[in-house]
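**Student:** My questions will all concern the structure given below.
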Amino acid sequence: MSTTESNSNYNNLEQMSIKDLLVNINTEDRSVPLAVSRAMPQIEALVGEVVQQMKKGGRLFYIGAGTSGRLGILDASEIPPTFGLAHGNVLGLIAGGDTAIRKAVEFAEDNAEQAWKDMQEHQINHKDVVIGIAASGNTPYVIGGVKEASERGLITGCITCNRDSALAKAVTFPIEVVVGPEFVTGSTRMKAGTAQKLVLNMISTTTMIQLGKVKGNKMVDMQMANNKLVDRGTRMLMEELSISRSEAEGLLKIHGSVRKVIDHIRNNAPD
């Protein structure tokens with residue numbers, strides 16, 4: 001039996017108090033970052049490839065089903081507003097299509113040929129990287145997608161929570177984060193999902209920093225999509241350029257991003 005399907009370390013959950021349920025779930029959750037840390041060499045190896053390919057103009061594809069697919073879509077959707085990268089450079093695809101983001105599509109994950117078809121709709125090419133996400137490591141949609149990508153010469157990786165899975169064997173750069181049995185037996189939306197989210201954060205954030213989308217520790221290319229972000233950008237400029245709020249707000253309105261304001265000021269500064 002796979003680790004993700006093994007029996008919970010707890011029993012008679014329905015007899016526990018609310019406090020005991022919460023404490024025990026939290027106890028299990030604390031083991032997740034440790035499991036991620038043990039996979040650090042694998043994560044580093046895959047991120048190095050992602051950075052290299054994206055510097056060449058390649059894109060990053062996440063493919064998954066259910067919770068795993070939704071986590072990939074979440075990570076991909078946050079890249080443009082956070083780092084100012086154009087839409088389409090990091091893509092999340094889920095078995096069953098966009099409908100499956102909100103509602104499970106029965107048996108969609110069992111189609112081993114569909115993922116490659118989905119990626120072809122985005123003109124996938126040899127420069128791109130494909131990362132399959134599947135807690136079990138046995139999802140046909142994901143395995144079929146990475147196998148096809150590998151056979152066509154693309155760099156492939158995965159995030160799974162079982163060792164020696166079919167998915168890990170199908171990619172060049174596997175990441176195996178073994179978090180142990182779930183609190184509710186087989187409910188991989190819990191610890192496994194948390195582990196996948198942590199790893200996705202690490203992959204995308206490190207890649208964006210390596211691509212120059214962060215200055216110091218600031219998101220200087222973030223999109224000014226709401227008042228909170230405009231305020232954040234204003235404060236960045238006030239700190240970086242030692243200017244007043246009103247001046248920072250005016251410059252941000254004219255140029256549209258923190259980076260563009262800083263570049264404009266420095267390029268036009270007297271020698």
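Chain labels run A, B, ... following the order of the structure tokens; each chain numbers its residues from 1, and ligands are numbered from 1 in the order shown.
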Please produce, as a Markdown table, a per-residue contact table for range 205-224 of chain A versus range 84-87 of chain A (criterion: any atom at most 12 Å away, only C-alpha atoms considered), showing the nearest atom pair and its distance in Å to one decimal, sorted by chain then residue number.
**Tutor:**
```
| residue | atom | partner | partner_atom | distance |
| --- | --- | --- | --- | --- |
| A:Thr205 | CA | A:Leu85 | CA | 11.9 |
| A:Thr207 | CA | A:Leu85 | CA | 11.4 |
| A:Met208 | CA | A:Leu85 | CA | 8.6 |
| A:Ile209 | CA | A:Leu85 | CA | 11.6 |
| A:Leu211 | CA | A:Leu85 | CA | 9.9 |
| A:Gly212 | CA | A:Leu85 | CA | 10.6 |
| A:Lys213 | CA | A:Gly84 | CA | 7.5 |
| A:Val214 | CA | A:Gly84 | CA | 10.0 |
| A:Met219 | CA | A:Gly84 | CA | 8.7 |
| A:Val220 | CA | A:Gly84 | CA | 8.4 |
| A:Asp221 | CA | A:Gly84 | CA | 4.8 |
| A:Met222 | CA | A:Gly84 | CA | 4.9 |
| A:Gln223 | CA | A:Gly84 | CA | 5.8 |
| A:Met224 | CA | A:Gly84 | CA | 9.5 |
```
**Student:** Show me, as JSON, numbers by chain, the residues that have an atom within 12 Å of Asp263 in chain A when counting only C-alpha atoms, minus same-chain residues fewer than 6 positions from it.
**Tutor:** {"A": [215, 220, 221, 237, 240, 241, 251, 252, 255, 256, 257, 269]}
**Student:** Per residue of range 149-243 of chain A within 10 Å of range 2-25 of chain A, note the shortest atom pair and the distance in Å to one decimal, counting only C-alpha atoms, and order the rows by chain and increasing residue number, as CSV.
**Tutor:**
```
residue,atom,partner,partner_atom,distance
A:Thr160,CA,A:Thr4,CA,9.7
A:Cys161,CA,A:Thr4,CA,6.8
A:Asn162,CA,A:Thr3,CA,5.9
A:Arg163,CA,A:Thr3,CA,8.2
A:Asp164,CA,A:Ser2,CA,9.8
A:Ser165,CA,A:Ser2,CA,8.9
A:Val178,CA,A:Thr3,CA,7.5
A:Val179,CA,A:Thr4,CA,8.0
A:Gly180,CA,A:Thr3,CA,5.8
A:Pro181,CA,A:Ser8,CA,5.3
A:Glu182,CA,A:Ser8,CA,5.6
A:Phe183,CA,A:Ser8,CA,5.4
A:Val184,CA,A:Ser8,CA,6.1
A:Thr185,CA,A:Ser8,CA,4.9
A:Gly186,CA,A:Glu5,CA,4.6
A:Ser187,CA,A:Thr4,CA,8.1
A:Thr188,CA,A:Thr4,CA,6.8
A:Met190,CA,A:Ile25,CA,8.9
A:Lys191,CA,A:Ile25,CA,9.1
A:Ala192,CA,A:Thr4,CA,7.8
```
**Student:** Go ahead and save the picked residues with N, CA and C atoms, as a compact mmCIF listing (two decimals), in the first residue's frame.
**Tutor:**
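Wrote part-v1.txt, looks like this:
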```
# COMPACT_ATOMS: atom_id res chain seq x y z
N THR A 160 5.38 14.58 -5.93
CA THR A 160 4.56 13.48 -5.45
C THR A 160 4.88 13.20 -3.99
N CYS A 161 4.02 12.45 -3.34
CA CYS A 161 4.19 12.19 -1.90
C CYS A 161 4.36 10.71 -1.59
N ASN A 162 4.69 9.94 -2.61
CA ASN A 162 5.05 8.54 -2.44
C ASN A 162 6.41 8.29 -3.06
N ARG A 163 7.16 7.37 -2.52
CA ARG A 163 8.45 7.01 -3.10
C ARG A 163 8.26 5.99 -4.23
N ASP A 164 9.16 6.11 -5.20
CA ASP A 164 9.24 5.11 -6.28
C ASP A 164 7.92 4.93 -7.02
N SER A 165 7.22 6.02 -7.25
CA SER A 165 5.94 5.95 -7.95
C SER A 165 6.16 5.90 -9.46
N VAL A 178 7.57 12.82 1.13
CA VAL A 178 6.79 11.77 1.80
C VAL A 178 6.37 12.27 3.18
N VAL A 179 5.10 12.62 3.30
CA VAL A 179 4.60 13.22 4.55
C VAL A 179 3.94 12.21 5.47
N GLY A 180 3.84 10.96 5.05
CA GLY A 180 3.24 9.94 5.89
C GLY A 180 1.73 9.90 5.77
N PRO A 181 1.08 9.05 6.57
CA PRO A 181 -0.38 8.90 6.50
C PRO A 181 -1.10 10.21 6.81
N GLU A 182 -2.24 10.39 6.14
CA GLU A 182 -3.05 11.58 6.40
C GLU A 182 -3.86 11.41 7.69
N PHE A 183 -4.25 12.52 8.29
CA PHE A 183 -5.07 12.47 9.50
C PHE A 183 -6.37 11.73 9.25
N VAL A 184 -7.02 12.07 8.14
CA VAL A 184 -8.16 11.29 7.64
C VAL A 184 -7.60 10.40 6.54
N THR A 185 -7.66 9.11 6.72
CA THR A 185 -6.99 8.17 5.82
C THR A 185 -7.27 8.48 4.35
N GLY A 186 -6.20 8.68 3.60
CA GLY A 186 -6.30 8.89 2.16
C GLY A 186 -6.68 10.28 1.72
N SER A 187 -6.91 11.21 2.67
CA SER A 187 -7.34 12.57 2.30
C SER A 187 -6.12 13.42 1.97
N THR A 188 -5.63 13.27 0.75
CA THR A 188 -4.39 13.93 0.36
C THR A 188 -4.54 15.44 0.11
N MET A 190 -4.90 17.20 2.51
CA MET A 190 -4.40 17.69 3.79
C MET A 190 -2.88 17.82 3.75
N LYS A 191 -2.13 16.91 4.35
CA LYS A 191 -0.68 17.07 4.41
C LYS A 191 -0.03 17.05 3.03
N ALA A 192 -0.47 16.14 2.19
CA ALA A 192 0.11 16.08 0.85
C ALA A 192 -0.13 17.38 0.08
```
**Student:** Between A:Val90, A:Leu60, A:Ile79, A:Leu71, which residue has the minimum interatomic distance to His126 in chain A, considering only C-alpha atoms?
**Tutor:**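 Checking each of A:Val90, A:Leu60, A:Ile79, A:Leu71 against His126 in chain A, counting only C-alpha atoms, the winner is A:Leu60.
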**Student:** Do a neighbour search on Pro140 in chain A at 12 Å with only C-alpha atoms, toss out local chain neighbours closer than 6 positions, and write the hits as a list in words.
**Tutor:**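 In the requested form, the answer reads Ile63, Gly64, Ala65, Ala95, Phe107, Ala108, Glu109, Asp110, Asn111, Ala112, Glu113, Gln114, Ala115, Trp116, Gly132, Ile133, Ala134, Val146, Lys147, Glu148, Ser165, Ala166, Leu167 and Ala170 of chain A.
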**Student:** Could those selected residues go to a file with N, CA and C atoms, as a short mmCIF file (atom, residue, chain, number, x, y, z; two decimals), in the first residue's frame?
**Tutor:**
```
data_model
loop_
_atom_site.label_atom_id
_atom_site.label_comp_id
_atom_site.auth_asym_id
_atom_site.auth_seq_id
_atom_site.Cartn_x
_atom_site.Cartn_y
_atom_site.Cartn_z
N ILE A 63 0.81 20.24 -14.59
CA ILE A 63 -0.36 19.42 -14.93
C ILE A 63 -0.74 18.57 -13.72
N GLY A 64 -2.04 18.47 -13.46
CA GLY A 64 -2.49 17.70 -12.30
C GLY A 64 -3.97 17.43 -12.38
N ALA A 65 -4.45 16.68 -11.41
CA ALA A 65 -5.88 16.37 -11.31
C ALA A 65 -6.34 16.65 -9.89
N ALA A 95 -6.94 18.07 -15.13
CA ALA A 95 -7.76 17.04 -15.79
C ALA A 95 -9.23 17.43 -15.70
N PHE A 107 -13.78 10.71 -13.57
CA PHE A 107 -12.89 9.89 -14.39
C PHE A 107 -11.98 10.70 -15.32
N ALA A 108 -11.97 12.01 -15.21
CA ALA A 108 -11.11 12.82 -16.09
C ALA A 108 -9.64 12.48 -15.86
N GLU A 109 -9.27 12.18 -14.62
CA GLU A 109 -7.87 11.90 -14.33
C GLU A 109 -7.40 10.56 -14.89
N ASP A 110 -8.32 9.73 -15.35
CA ASP A 110 -7.97 8.39 -15.83
C ASP A 110 -7.60 8.38 -17.32
N ASN A 111 -7.70 9.52 -17.99
CA ASN A 111 -7.37 9.61 -19.41
C ASN A 111 -5.89 9.95 -19.57
N ALA A 112 -5.09 8.97 -19.96
CA ALA A 112 -3.64 9.15 -20.03
C ALA A 112 -3.20 9.96 -21.24
N GLU A 113 -4.08 10.21 -22.20
CA GLU A 113 -3.71 10.93 -23.41
C GLU A 113 -4.11 12.40 -23.40
N GLN A 114 -4.98 12.77 -22.46
CA GLN A 114 -5.56 14.11 -22.53
C GLN A 114 -4.59 15.23 -22.16
N ALA A 115 -3.68 14.98 -21.23
CA ALA A 115 -2.79 16.06 -20.77
C ALA A 115 -1.95 16.61 -21.92
N TRP A 116 -1.41 15.72 -22.73
CA TRP A 116 -0.60 16.19 -23.86
C TRP A 116 -1.46 16.98 -24.85
N GLY A 132 4.59 17.48 -13.43
CA GLY A 132 3.38 16.76 -13.07
C GLY A 132 3.20 16.76 -11.57
N ILE A 133 1.98 17.04 -11.13
CA ILE A 133 1.68 17.10 -9.69
C ILE A 133 0.65 16.03 -9.38
N ALA A 134 1.02 15.10 -8.50
CA ALA A 134 0.09 14.03 -8.11
C ALA A 134 0.56 13.45 -6.79
N VAL A 146 3.52 13.67 -18.78
CA VAL A 146 4.98 13.81 -18.64
C VAL A 146 5.73 12.80 -19.51
N LYS A 147 5.16 11.63 -19.70
CA LYS A 147 5.79 10.64 -20.57
C LYS A 147 5.89 11.17 -22.00
N GLU A 148 4.80 11.72 -22.49
CA GLU A 148 4.79 12.25 -23.86
C GLU A 148 5.77 13.41 -23.98
N SER A 165 7.22 6.02 -7.25
CA SER A 165 5.94 5.95 -7.95
C SER A 165 6.16 5.90 -9.46
N ALA A 166 5.10 5.53 -10.17
CA ALA A 166 5.16 5.51 -11.63
C ALA A 166 5.45 6.90 -12.17
N LEU A 167 4.92 7.93 -11.52
CA LEU A 167 5.16 9.30 -11.97
C LEU A 167 6.62 9.68 -11.82
N ALA A 170 8.76 8.34 -14.44
CA ALA A 170 8.49 8.83 -15.79
C ALA A 170 9.13 10.18 -16.09
#
```
**Student:** List the neighbours of Ser37 in chain A out to 12 Å using only C-alpha atoms; skip same-chain residues closer than 2 positions along the sequence, and give me the result as an MDAnalysis selection string.
**Tutor:** chainID A and resid 31:35 39:44 175:179 195 198:199 202
**Student:** If we count only C-alpha atoms, what is near Thr234 in chain A at a cut-off of 9 Å, once residues fewer than 5 positions away on the same chain are taken out, given as JSON, numbers by chain?
**Tutor:** {"A": [229, 239, 245, 246, 247, 248, 249, 251, 252, 258]}
**Student:** Given the selection you just returned, output its residues as a file containing C-alpha atoms, formatted as a short mmCIF file (atom, residue, chain, number, x, y, z; two decimals), in the first residue's frame.
**Tutor:**
```cif
data_model
loop_
_atom_site.label_atom_id
_atom_site.label_comp_id
_atom_site.auth_asym_id
_atom_site.auth_seq_id
_atom_site.Cartn_x
_atom_site.Cartn_y
_atom_site.Cartn_z
CA LEU A 229 -0.89 46.93 -4.18
CA GLU A 239 11.71 53.93 0.98
CA ARG A 245 3.99 59.82 -0.50
CA SER A 246 2.39 62.27 -2.89
CA GLU A 247 5.46 62.24 -5.16
CA ALA A 248 5.61 58.44 -5.06
CA GLU A 249 1.91 58.14 -5.88
CA LEU A 251 5.27 58.71 -10.26
CA LEU A 252 3.59 55.34 -9.87
CA VAL A 258 7.85 50.29 -9.10
#
```
**Student:** Could you write out, as a PDB file with C-alpha atoms, in the first residue's frame, all the residues of range 99-168 of chain A that DSSP marks as helix (DSSP H, G or I)?
**Tutor:**
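Saved as part_14.pdb:
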```pdb
ATOM      1  CA  THR A  99     -14.849  23.041 -15.075  1.00  0.00           C
ATOM      2  CA  ALA A 100     -12.788  20.837 -12.772  1.00  0.00           C
ATOM      3  CA  ILE A 101     -11.367  23.851 -10.941  1.00  0.00           C
ATOM      4  CA  ARG A 102     -14.637  24.199  -9.036  1.00  0.00           C
ATOM      5  CA  ALA A 108     -11.109  12.817 -16.086  1.00  0.00           C
ATOM      6  CA  GLU A 109      -7.871  11.902 -14.328  1.00  0.00           C
ATOM      7  CA  ASP A 110      -7.966   8.394 -15.834  1.00  0.00           C
ATOM      8  CA  GLN A 114      -5.556  14.111 -22.528  1.00  0.00           C
ATOM      9  CA  ALA A 115      -2.793  16.060 -20.775  1.00  0.00           C
ATOM     10  CA  TRP A 116      -0.604  16.195 -23.861  1.00  0.00           C
ATOM     11  CA  LYS A 117      -3.597  17.275 -25.936  1.00  0.00           C
ATOM     12  CA  ASP A 118      -4.277  20.026 -23.392  1.00  0.00           C
ATOM     13  CA  MET A 119      -0.675  21.203 -23.570  1.00  0.00           C
ATOM     14  CA  GLN A 120      -0.722  21.192 -27.367  1.00  0.00           C
ATOM     15  CA  PRO A 140      -2.847   8.473 -15.541  1.00  0.00           C
ATOM     16  CA  TYR A 141      -3.567  12.012 -16.781  1.00  0.00           C
ATOM     17  CA  VAL A 142      -0.334  13.259 -15.225  1.00  0.00           C
ATOM     18  CA  ILE A 143       1.836  10.251 -16.036  1.00  0.00           C
ATOM     19  CA  GLY A 144       0.685  10.239 -19.657  1.00  0.00           C
ATOM     20  CA  GLY A 145       1.435  13.936 -19.991  1.00  0.00           C
ATOM     21  CA  VAL A 146       4.984  13.807 -18.639  1.00  0.00           C
ATOM     22  CA  LYS A 147       5.794  10.645 -20.572  1.00  0.00           C
ATOM     23  CA  GLU A 148       4.785  12.254 -23.855  1.00  0.00           C
ATOM     24  CA  ALA A 149       6.718  15.405 -22.979  1.00  0.00           C
ATOM     25  CA  SER A 150       9.819  13.392 -22.071  1.00  0.00           C
ATOM     26  CA  GLU A 151       9.637  11.387 -25.288  1.00  0.00           C
ATOM     27  CA  ALA A 166       5.164   5.510 -11.630  1.00  0.00           C
ATOM     28  CA  LEU A 167       5.157   9.303 -11.970  1.00  0.00           C
ATOM     29  CA  ALA A 168       8.607   9.727 -10.442  1.00  0.00           C
TER      30      ALA A 168
END
```
**Student:** Enumerate as a list in words all residues of range 19-255 of chain A assigned to strand (DSSP E or B) by DSSP on the backbone, naming them with the chain letters and numbers the document uses.
**Tutor:**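 So, restricting range 19-255 of chain A to strand (DSSP E or B), we get Leu60, Phe61, Tyr62, Ile63, Gly64, Val90, Leu91, Gly92, Leu93, Ile94, Val129, Val130, Ile131, Gly132, Ile133, Ile155, Thr156, Gly157, Cys158, Ile159, Thr160, Phe173, Pro174, Ile175, Glu176, Lys215 and Lys218 of chain A.
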